[in-house]
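File shown here: upload-v3.pdb, holding PDB, C-alpha atoms.
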```pdb
ATOM      1  CA  MET A   1       5.616   7.792  -0.097  1.00  0.00           C
ATOM      2  CA  LYS A   2       6.669  11.424  -0.367  1.00  0.00           C
ATOM      3  CA  GLN A   3       3.337  12.195  -2.036  1.00  0.00           C
ATOM      4  CA  ALA A   4       1.589  11.002   1.115  1.00  0.00           C
ATOM      5  CA  ARG A   5       3.327  13.650   3.236  1.00  0.00           C
ATOM      6  CA  LEU A   6       3.509  11.390   6.246  1.00  0.00           C
ATOM      7  CA  GLY A   7       4.842  12.269   9.651  1.00  0.00           C
ATOM      8  CA  PRO A   8       4.524  11.511  13.350  1.00  0.00           C
ATOM      9  CA  ALA A   9       0.981  10.880  14.560  1.00  0.00           C
ATOM     10  CA  LYS A  10      -0.474  10.641  11.030  1.00  0.00           C
ATOM     11  CA  GLU A  11      -2.848   7.731  10.545  1.00  0.00           C
ATOM     12  CA  VAL A  12      -2.203   6.012   7.208  1.00  0.00           C
ATOM     13  CA  PHE A  13      -4.081   3.124   5.612  1.00  0.00           C
ATOM     14  CA  ILE A  14      -2.112   1.154   3.021  1.00  0.00           C
ATOM     15  CA  PHE A  15      -4.255  -0.827   0.582  1.00  0.00           C
ATOM     16  CA  GLY A  16      -2.394  -3.719  -1.024  1.00  0.00           C
ATOM     17  CA  VAL A  17       0.388  -5.500   0.834  1.00  0.00           C
ATOM     18  CA  GLY A  18       2.374  -6.904  -2.039  1.00  0.00           C
ATOM     19  CA  GLY A  19       5.706  -6.143  -3.629  1.00  0.00           C
ATOM     20  CA  VAL A  20       5.417  -2.386  -3.104  1.00  0.00           C
ATOM     21  CA  GLY A  21       2.920  -2.250  -0.245  1.00  0.00           C
ATOM     22  CA  HIS A  22       5.094  -4.196   2.196  1.00  0.00           C
ATOM     23  CA  LEU A  23       7.875  -1.667   1.585  1.00  0.00           C
ATOM     24  CA  ALA A  24       5.476   1.266   1.961  1.00  0.00           C
ATOM     25  CA  ILE A  25       4.489  -0.005   5.412  1.00  0.00           C
ATOM     26  CA  GLN A  26       8.122   0.125   6.478  1.00  0.00           C
ATOM     27  CA  PHE A  27       8.674   3.628   5.072  1.00  0.00           C
ATOM     28  CA  ALA A  28       5.489   4.851   6.761  1.00  0.00           C
ATOM     29  CA  LYS A  29       6.694   3.454  10.094  1.00  0.00           C
ATOM     30  CA  LEU A  30      10.054   5.209   9.632  1.00  0.00           C
ATOM     31  CA  SER A  31       8.164   8.509   9.227  1.00  0.00           C
ATOM     32  CA  GLY A  32       6.476   7.978  12.598  1.00  0.00           C
ATOM     33  CA  ALA A  33       3.016   7.363  11.148  1.00  0.00           C
ATOM     34  CA  ARG A  34       0.544   4.849  12.566  1.00  0.00           C
ATOM     35  CA  VAL A  35      -0.046   2.188   9.913  1.00  0.00           C
ATOM     36  CA  THR A  36      -3.091   0.072   9.148  1.00  0.00           C
ATOM     37  CA  ALA A  37      -2.601  -2.469   6.360  1.00  0.00           C
ATOM     38  CA  VAL A  38      -5.658  -3.387   4.308  1.00  0.00           C
ATOM     39  CA  SER A  39      -5.513  -6.597   2.313  1.00  0.00           C
ATOM     40  CA  THR A  40      -8.000  -9.149   1.053  1.00  0.00           C
ATOM     41  CA  GLY A  41      -5.532 -12.031   1.558  1.00  0.00           C
ATOM     42  CA  GLU A  42      -4.588 -13.651   4.859  1.00  0.00           C
ATOM     43  CA  ARG A  43      -0.940 -14.233   3.834  1.00  0.00           C
ATOM     44  CA  HIS A  44      -0.570 -10.563   2.969  1.00  0.00           C
ATOM     45  CA  ARG A  45      -2.024  -9.485   6.295  1.00  0.00           C
ATOM     46  CA  ASP A  46       0.541 -11.668   8.093  1.00  0.00           C
ATOM     47  CA  LEU A  47       3.298 -10.090   5.996  1.00  0.00           C
ATOM     48  CA  ALA A  48       2.002  -6.642   6.981  1.00  0.00           C
ATOM     49  CA  LEU A  49       2.429  -7.420  10.671  1.00  0.00           C
ATOM     50  CA  ARG A  50       5.910  -8.869  10.122  1.00  0.00           C
ATOM     51  CA  VAL A  51       7.108  -5.668   8.475  1.00  0.00           C
ATOM     52  CA  GLY A  52       5.624  -3.323  11.050  1.00  0.00           C
ATOM     53  CA  ALA A  53       1.957  -2.502  10.487  1.00  0.00           C
ATOM     54  CA  GLY A  54       0.287  -1.659  13.778  1.00  0.00           C
ATOM     55  CA  ARG A  55      -3.050  -2.990  12.604  1.00  0.00           C
ATOM     56  CA  ARG A  56      -4.289  -5.095   9.740  1.00  0.00           C
ATOM     57  CA  HIS A  57      -7.733  -5.418   8.290  1.00  0.00           C
ATOM     58  CA  ARG A  58      -9.358  -7.844   5.888  1.00  0.00           C
ATOM     59  CA  PRO A  59     -12.322  -5.962   4.427  1.00  0.00           C
ATOM     60  CA  GLY A  60     -13.696  -8.768   2.261  1.00  0.00           C
ATOM     61  CA  ARG A  61     -13.248  -9.181  -1.483  1.00  0.00           C
ATOM     62  CA  ASP A  62     -15.569  -6.241  -2.256  1.00  0.00           C
ATOM     63  CA  TYR A  63     -14.073  -4.038   0.517  1.00  0.00           C
ATOM     64  CA  SER A  64     -17.507  -3.628   2.139  1.00  0.00           C
ATOM     65  CA  GLY A  65     -15.977  -4.308   5.563  1.00  0.00           C
ATOM     66  CA  ILE A  66     -13.940  -1.102   5.426  1.00  0.00           C
ATOM     67  CA  SER A  67     -16.914   0.915   6.724  1.00  0.00           C
ATOM     68  CA  LYS A  68     -15.788   0.366  10.323  1.00  0.00           C
ATOM     69  CA  PHE A  69     -12.835   2.669   9.514  1.00  0.00           C
ATOM     70  CA  SER A  70     -14.931   5.409   7.945  1.00  0.00           C
ATOM     71  CA  ARG A  71     -13.155   8.774   8.241  1.00  0.00           C
ATOM     72  CA  ALA A  72     -10.334   7.349  10.391  1.00  0.00           C
ATOM     73  CA  ALA A  73      -7.281   8.058   8.203  1.00  0.00           C
ATOM     74  CA  ASP A  74      -5.256  11.163   7.487  1.00  0.00           C
ATOM     75  CA  ARG A  75      -3.767   9.397   4.481  1.00  0.00           C
ATOM     76  CA  ALA A  76      -4.627   6.396   2.324  1.00  0.00           C
ATOM     77  CA  ILE A  77      -2.206   4.881  -0.173  1.00  0.00           C
ATOM     78  CA  VAL A  78      -3.470   2.373  -2.735  1.00  0.00           C
ATOM     79  CA  PHE A  79      -1.244  -0.271  -4.320  1.00  0.00           C
ATOM     80  CA  ALA A  80      -4.052  -2.798  -4.910  1.00  0.00           C
ATOM     81  CA  PRO A  81      -5.029  -2.669  -8.611  1.00  0.00           C
ATOM     82  CA  SER A  82      -8.721  -2.527  -7.842  1.00  0.00           C
ATOM     83  CA  GLN A  83     -11.428   0.082  -8.293  1.00  0.00           C
ATOM     84  CA  ALA A  84     -13.078  -1.261  -5.126  1.00  0.00           C
ATOM     85  CA  ALA A  85      -9.846  -0.603  -3.170  1.00  0.00           C
ATOM     86  CA  ILE A  86      -9.675   2.985  -4.440  1.00  0.00           C
ATOM     87  CA  ASP A  87     -13.304   3.632  -3.541  1.00  0.00           C
ATOM     88  CA  ALA A  88     -12.822   2.069  -0.092  1.00  0.00           C
ATOM     89  CA  ALA A  89      -9.687   4.145   0.519  1.00  0.00           C
ATOM     90  CA  LEU A  90     -11.652   7.343  -0.131  1.00  0.00           C
ATOM     91  CA  LYS A  91     -14.147   6.337   2.549  1.00  0.00           C
ATOM     92  CA  THR A  92     -11.408   5.983   5.180  1.00  0.00           C
ATOM     93  CA  LEU A  93     -10.171   9.561   4.829  1.00  0.00           C
ATOM     94  CA  LYS A  94     -10.895  12.280   7.358  1.00  0.00           C
ATOM     95  CA  PRO A  95     -12.623  15.330   5.947  1.00  0.00           C
ATOM     96  CA  GLY A  96     -10.741  18.606   5.746  1.00  0.00           C
ATOM     97  CA  GLY A  97      -7.305  17.471   4.664  1.00  0.00           C
ATOM     98  CA  GLY A  98      -7.334  13.746   3.980  1.00  0.00           C
ATOM     99  CA  ARG A  99      -5.004  12.740   1.151  1.00  0.00           C
ATOM    100  CA  LEU A 100      -5.343   9.764  -1.199  1.00  0.00           C
ATOM    101  CA  VAL A 101      -2.243   8.587  -3.057  1.00  0.00           C
ATOM    102  CA  LEU A 102      -2.789   6.274  -6.012  1.00  0.00           C
ATOM    103  CA  GLY A 103       0.237   4.084  -6.688  1.00  0.00           C
ATOM    104  CA  VAL A 104      -1.545   1.928  -9.276  1.00  0.00           C
ATOM    105  CA  PHE A 105      -3.837   2.353 -12.224  1.00  0.00           C
ATOM    106  CA  GLY A 106      -7.373   1.601 -11.198  1.00  0.00           C
ATOM    107  CA  GLY A 107      -9.531   3.973 -13.159  1.00  0.00           C
ATOM    108  CA  GLY A 108      -9.522   6.789 -10.595  1.00  0.00           C
ATOM    109  CA  ALA A 109     -12.066   7.696  -7.976  1.00  0.00           C
ATOM    110  CA  SER A 110     -15.589   6.798  -9.066  1.00  0.00           C
ATOM    111  CA  SER A 111     -17.223   9.147  -6.564  1.00  0.00           C
ATOM    112  CA  ILE A 112     -15.318  12.064  -5.096  1.00  0.00           C
ATOM    113  CA  PRO A 113     -16.796  13.520  -1.915  1.00  0.00           C
ATOM    114  CA  PHE A 114     -15.755  17.105  -2.788  1.00  0.00           C
ATOM    115  CA  VAL A 115     -17.374  18.589   0.332  1.00  0.00           C
ATOM    116  CA  ASP A 116     -14.913  16.569   2.430  1.00  0.00           C
ATOM    117  CA  GLU A 117     -11.978  18.569   0.993  1.00  0.00           C
ATOM    118  CA  ILE A 118      -9.908  15.486   0.168  1.00  0.00           C
ATOM    119  CA  GLU A 119      -6.812  15.636  -2.036  1.00  0.00           C
ATOM    120  CA  ILE A 120      -6.141  12.926  -4.611  1.00  0.00           C
ATOM    121  CA  VAL A 121      -2.684  12.535  -6.124  1.00  0.00           C
ATOM    122  CA  GLY A 122      -1.004   9.898  -8.248  1.00  0.00           C
ATOM    123  CA  SER A 123       2.548   8.716  -8.265  1.00  0.00           C
ATOM    124  CA  VAL A 124       4.301   6.340 -10.636  1.00  0.00           C
ATOM    125  CA  ILE A 125       7.933   6.283  -9.551  1.00  0.00           C
ATOM    126  CA  GLY A 126      10.393   8.415  -7.636  1.00  0.00           C
ATOM    127  CA  THR A 127      13.369  10.368  -8.883  1.00  0.00           C
ATOM    128  CA  ARG A 128      16.923   9.039  -8.985  1.00  0.00           C
ATOM    129  CA  LYS A 129      17.539  10.960  -5.774  1.00  0.00           C
ATOM    130  CA  ASP A 130      14.565   9.142  -4.191  1.00  0.00           C
ATOM    131  CA  MET A 131      15.905   5.780  -5.373  1.00  0.00           C
ATOM    132  CA  ASN A 132      19.317   6.552  -3.863  1.00  0.00           C
ATOM    133  CA  GLU A 133      17.622   7.380  -0.572  1.00  0.00           C
ATOM    134  CA  VAL A 134      15.776   4.043  -0.662  1.00  0.00           C
ATOM    135  CA  LEU A 135      19.015   2.171  -1.331  1.00  0.00           C
ATOM    136  CA  ARG A 136      20.737   4.025   1.511  1.00  0.00           C
ATOM    137  CA  LEU A 137      17.954   3.058   3.924  1.00  0.00           C
ATOM    138  CA  ALA A 138      18.083  -0.541   2.739  1.00  0.00           C
ATOM    139  CA  SER A 139      21.838  -0.647   3.296  1.00  0.00           C
ATOM    140  CA  THR A 140      21.337   0.341   6.939  1.00  0.00           C
ATOM    141  CA  GLY A 141      18.933  -2.545   7.497  1.00  0.00           C
ATOM    142  CA  LYS A 142      15.973  -0.249   8.259  1.00  0.00           C
ATOM    143  CA  VAL A 143      14.002  -1.688   5.349  1.00  0.00           C
ATOM    144  CA  ARG A 144      13.866  -5.319   4.330  1.00  0.00           C
ATOM    145  CA  ILE A 145      12.399  -6.946   1.279  1.00  0.00           C
ATOM    146  CA  GLU A 146      10.324 -10.100   1.421  1.00  0.00           C
ATOM    147  CA  ALA A 147      10.838 -11.960  -1.842  1.00  0.00           C
ATOM    148  CA  GLU A 148       9.986 -15.263  -3.428  1.00  0.00           C
ATOM    149  CA  ARG A 149      12.519 -16.468  -5.988  1.00  0.00           C
ATOM    150  CA  TYR A 150      11.677 -18.333  -9.187  1.00  0.00           C
ATOM    151  CA  ARG A 151      13.491 -19.598 -12.254  1.00  0.00           C
ATOM    152  CA  LEU A 152      13.083 -17.528 -15.398  1.00  0.00           C
ATOM    153  CA  ASP A 153      11.278 -20.397 -17.132  1.00  0.00           C
ATOM    154  CA  GLN A 154       8.552 -20.097 -14.454  1.00  0.00           C
ATOM    155  CA  ALA A 155       7.645 -16.543 -15.529  1.00  0.00           C
ATOM    156  CA  ASN A 156       4.169 -17.417 -16.831  1.00  0.00           C
ATOM    157  CA  GLU A 157       3.322 -19.316 -13.657  1.00  0.00           C
ATOM    158  CA  VAL A 158       4.585 -16.402 -11.551  1.00  0.00           C
ATOM    159  CA  LEU A 159       2.411 -13.930 -13.479  1.00  0.00           C
ATOM    160  CA  LEU A 160      -0.644 -16.101 -12.784  1.00  0.00           C
ATOM    161  CA  ARG A 161       0.254 -16.349  -9.091  1.00  0.00           C
ATOM    162  CA  LEU A 162       0.699 -12.566  -8.979  1.00  0.00           C
ATOM    163  CA  LYS A 163      -2.710 -12.021 -10.595  1.00  0.00           C
ATOM    164  CA  ARG A 164      -4.301 -14.339  -8.007  1.00  0.00           C
ATOM    165  CA  GLY A 165      -2.590 -12.586  -5.078  1.00  0.00           C
ATOM    166  CA  GLN A 166      -0.513 -15.656  -4.243  1.00  0.00           C
ATOM    167  CA  ILE A 167       2.891 -13.950  -4.141  1.00  0.00           C
ATOM    168  CA  ASN A 168       4.071 -12.909  -0.694  1.00  0.00           C
ATOM    169  CA  GLY A 169       6.104  -9.726  -1.089  1.00  0.00           C
ATOM    170  CA  ARG A 170       8.036  -9.444  -4.351  1.00  0.00           C
ATOM    171  CA  ALA A 171       8.576 -12.078  -7.018  1.00  0.00           C
ATOM    172  CA  VAL A 172      12.109 -12.301  -8.370  1.00  0.00           C
ATOM    173  CA  LEU A 173      12.947 -14.181 -11.567  1.00  0.00           C
ATOM    174  CA  ASN A 174      16.462 -15.620 -11.674  1.00  0.00           C
ATOM    175  CA  PRO A 175      17.926 -16.510 -15.102  1.00  0.00           C
TER     176      PRO A 175
END
```
Full structure transcribed into structure tokens:
Amino acid sequence: MKQARLGPAKEVFIFGVGGVGHLAIQFAKLSGARVTAVSTGERHRDLALRVGAGRRHRPGRDYSGISKFSRAADRAIVFAPSQAAIDAALKTLKPGGGRLVLGVFGGGASSIPFVDEIEIVGSVIGTRKDMNEVLRLASTGKVRIEAERYRLDQANEVLLRLKRGQINGRAVLNP
């Protein structure tokens, strides 16, 4: 989230409302940004509204429906492991300072509109200091995690459900 450099009045589009994306929506709201959640699944769009997204959008499986938001975002953050999501996120960015943050591996940007002066950065994980800040926020109740709990012997089933986008929030395996 720090890579996104969010703040009041920034328009951010978050692609992928899963285990990390639903938390990113909450952090973006805490920064004062206006949040649009982009997800291909109806359950995930409902989750996005529950955790504070101002708008939600279902662009279709191939993300072709994102064109109505062309050049609308100051920032786009991608947690959906999809090349189509990355390409769609690029199209939402305003020229002259838009910033794309890749929080997943997806192969990178297939077509970079260099004349639009867009920044692209990647981020894998925060520092220990960042993690302590997250835990502090969670302890105040400002951030809440949506989780589905499963037995450890259900791990293979859970991985399939995750791949199909059928997990709402995070999946937690209990031994």
Ranking A:Pro95, A:Ser111, A:Gln3, A:Val158 by minimum distance to Gln83 (chain A) and counting only C-alpha atoms, which one comes first?
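Using only C-alpha atoms, the shortest distance to Gln83 (chain A) belongs to A:Ser111.
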Nearest residue to Leu47 (chain A) out of A:Ala85, A:Ala80, A:Val121, A:Ile167, using all atoms listed in the file?
A:Ile167
CA of Asp130 (chain A) to CA of Leu6 (chain A) measures 15.4 Å
Fewer than 3 positions away in the same chain doesn't count, so skip those; otherwise give me all residues within 6 Å of Leu152 (chain A), counting only C-alpha atoms, as a ChimeraX atom specification.
/A:155,173-175
May I have the residues within 10 Å of Pro81 (chain A) as a ChimeraX atom specification, using all atoms listed in the file and disregarding those fewer than 2 positions away in the same chain?
/A:15-16,78-79,83-86,102-107,163
Evaluate the PyMOL selection byres ((chain A and resi 59) around 10) and report residues as a PyMOL selection string:
chain A and resi 38-41+56-58+60-68+85+88
For the atom pair CA of Val35 (chain A) and CA of Arg144 (chain A), what is the interatomic distance in Å to one decimal place?
16.8 Å
If you measure from CA of Val51 (chain A) to CA of Tyr150 (chain A), what distance in Å do you get, rounded to one decimal?
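We find that CA of Val51 (chain A) and CA of Tyr150 (chain A) lie 22.2 Å from each other.
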Shortest contact to Val115 (chain A), candidates A:Arg151, A:Gly98, A:Gln166, A:Thr92, atoms counted all atoms listed in the file, goes to A:Gly98
I'd like to see the residues matched by the PyMOL selection byres ((chain A and resi 143) around 12) on this file, and ideally I'd get them as JSON, numbers by chain.
{"A": [22, 23, 24, 25, 26, 27, 28, 29, 30, 50, 51, 52, 133, 134, 135, 136, 137, 138, 139, 140, 141, 142, 144, 145, 146]}
Quick one: axis-aligned box around all listed atoms of region 114-120 of chain A, 5 Å on every side, centre and edge lengths in Å to one decimal, written as JSON.
```
{"center_x": -11.8, "center_y": 15.8, "center_z": -1.1, "size_x": 21.2, "size_y": 15.7, "size_z": 17.0}
```
Tell me which protein, DNA and RNA residues are within 7 Å of Ala9 (chain A), counting only C-alpha atoms, leaving out same-chain ones fewer than 2 positions away, and put them as a PyMOL selection string.
chain A and resi 7+11+32-34
Selection: 12 Å around Leu93 (chain A), only C-alpha atoms, excl. self and same-chain fewer than 3 positions, as a PyMOL selection string
chain A and resi 10-14+66-67+69-77+86-90+96-101+112-113+116-120
Write the residues of the selection above to a file with C-alpha atoms, as a PDB file, in the coordinates of the input.
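Output file again.pdb is given in full below:
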```
ATOM      1  CA  LYS A  10      -0.474  10.641  11.030  1.00  0.00           C
ATOM      2  CA  GLU A  11      -2.848   7.731  10.545  1.00  0.00           C
ATOM      3  CA  VAL A  12      -2.203   6.012   7.208  1.00  0.00           C
ATOM      4  CA  PHE A  13      -4.081   3.124   5.612  1.00  0.00           C
ATOM      5  CA  ILE A  14      -2.112   1.154   3.021  1.00  0.00           C
ATOM      6  CA  ILE A  66     -13.940  -1.102   5.426  1.00  0.00           C
ATOM      7  CA  SER A  67     -16.914   0.915   6.724  1.00  0.00           C
ATOM      8  CA  PHE A  69     -12.835   2.669   9.514  1.00  0.00           C
ATOM      9  CA  SER A  70     -14.931   5.409   7.945  1.00  0.00           C
ATOM     10  CA  ARG A  71     -13.155   8.774   8.241  1.00  0.00           C
ATOM     11  CA  ALA A  72     -10.334   7.349  10.391  1.00  0.00           C
ATOM     12  CA  ALA A  73      -7.281   8.058   8.203  1.00  0.00           C
ATOM     13  CA  ASP A  74      -5.256  11.163   7.487  1.00  0.00           C
ATOM     14  CA  ARG A  75      -3.767   9.397   4.481  1.00  0.00           C
ATOM     15  CA  ALA A  76      -4.627   6.396   2.324  1.00  0.00           C
ATOM     16  CA  ILE A  77      -2.206   4.881  -0.173  1.00  0.00           C
ATOM     17  CA  ILE A  86      -9.675   2.985  -4.440  1.00  0.00           C
ATOM     18  CA  ASP A  87     -13.304   3.632  -3.541  1.00  0.00           C
ATOM     19  CA  ALA A  88     -12.822   2.069  -0.092  1.00  0.00           C
ATOM     20  CA  ALA A  89      -9.687   4.145   0.519  1.00  0.00           C
ATOM     21  CA  LEU A  90     -11.652   7.343  -0.131  1.00  0.00           C
ATOM     22  CA  GLY A  96     -10.741  18.606   5.746  1.00  0.00           C
ATOM     23  CA  GLY A  97      -7.305  17.471   4.664  1.00  0.00           C
ATOM     24  CA  GLY A  98      -7.334  13.746   3.980  1.00  0.00           C
ATOM     25  CA  ARG A  99      -5.004  12.740   1.151  1.00  0.00           C
ATOM     26  CA  LEU A 100      -5.343   9.764  -1.199  1.00  0.00           C
ATOM     27  CA  VAL A 101      -2.243   8.587  -3.057  1.00  0.00           C
ATOM     28  CA  ILE A 112     -15.318  12.064  -5.096  1.00  0.00           C
ATOM     29  CA  PRO A 113     -16.796  13.520  -1.915  1.00  0.00           C
ATOM     30  CA  ASP A 116     -14.913  16.569   2.430  1.00  0.00           C
ATOM     31  CA  GLU A 117     -11.978  18.569   0.993  1.00  0.00           C
ATOM     32  CA  ILE A 118      -9.908  15.486   0.168  1.00  0.00           C
ATOM     33  CA  GLU A 119      -6.812  15.636  -2.036  1.00  0.00           C
ATOM     34  CA  ILE A 120      -6.141  12.926  -4.611  1.00  0.00           C
TER      35      ILE A 120
END
```
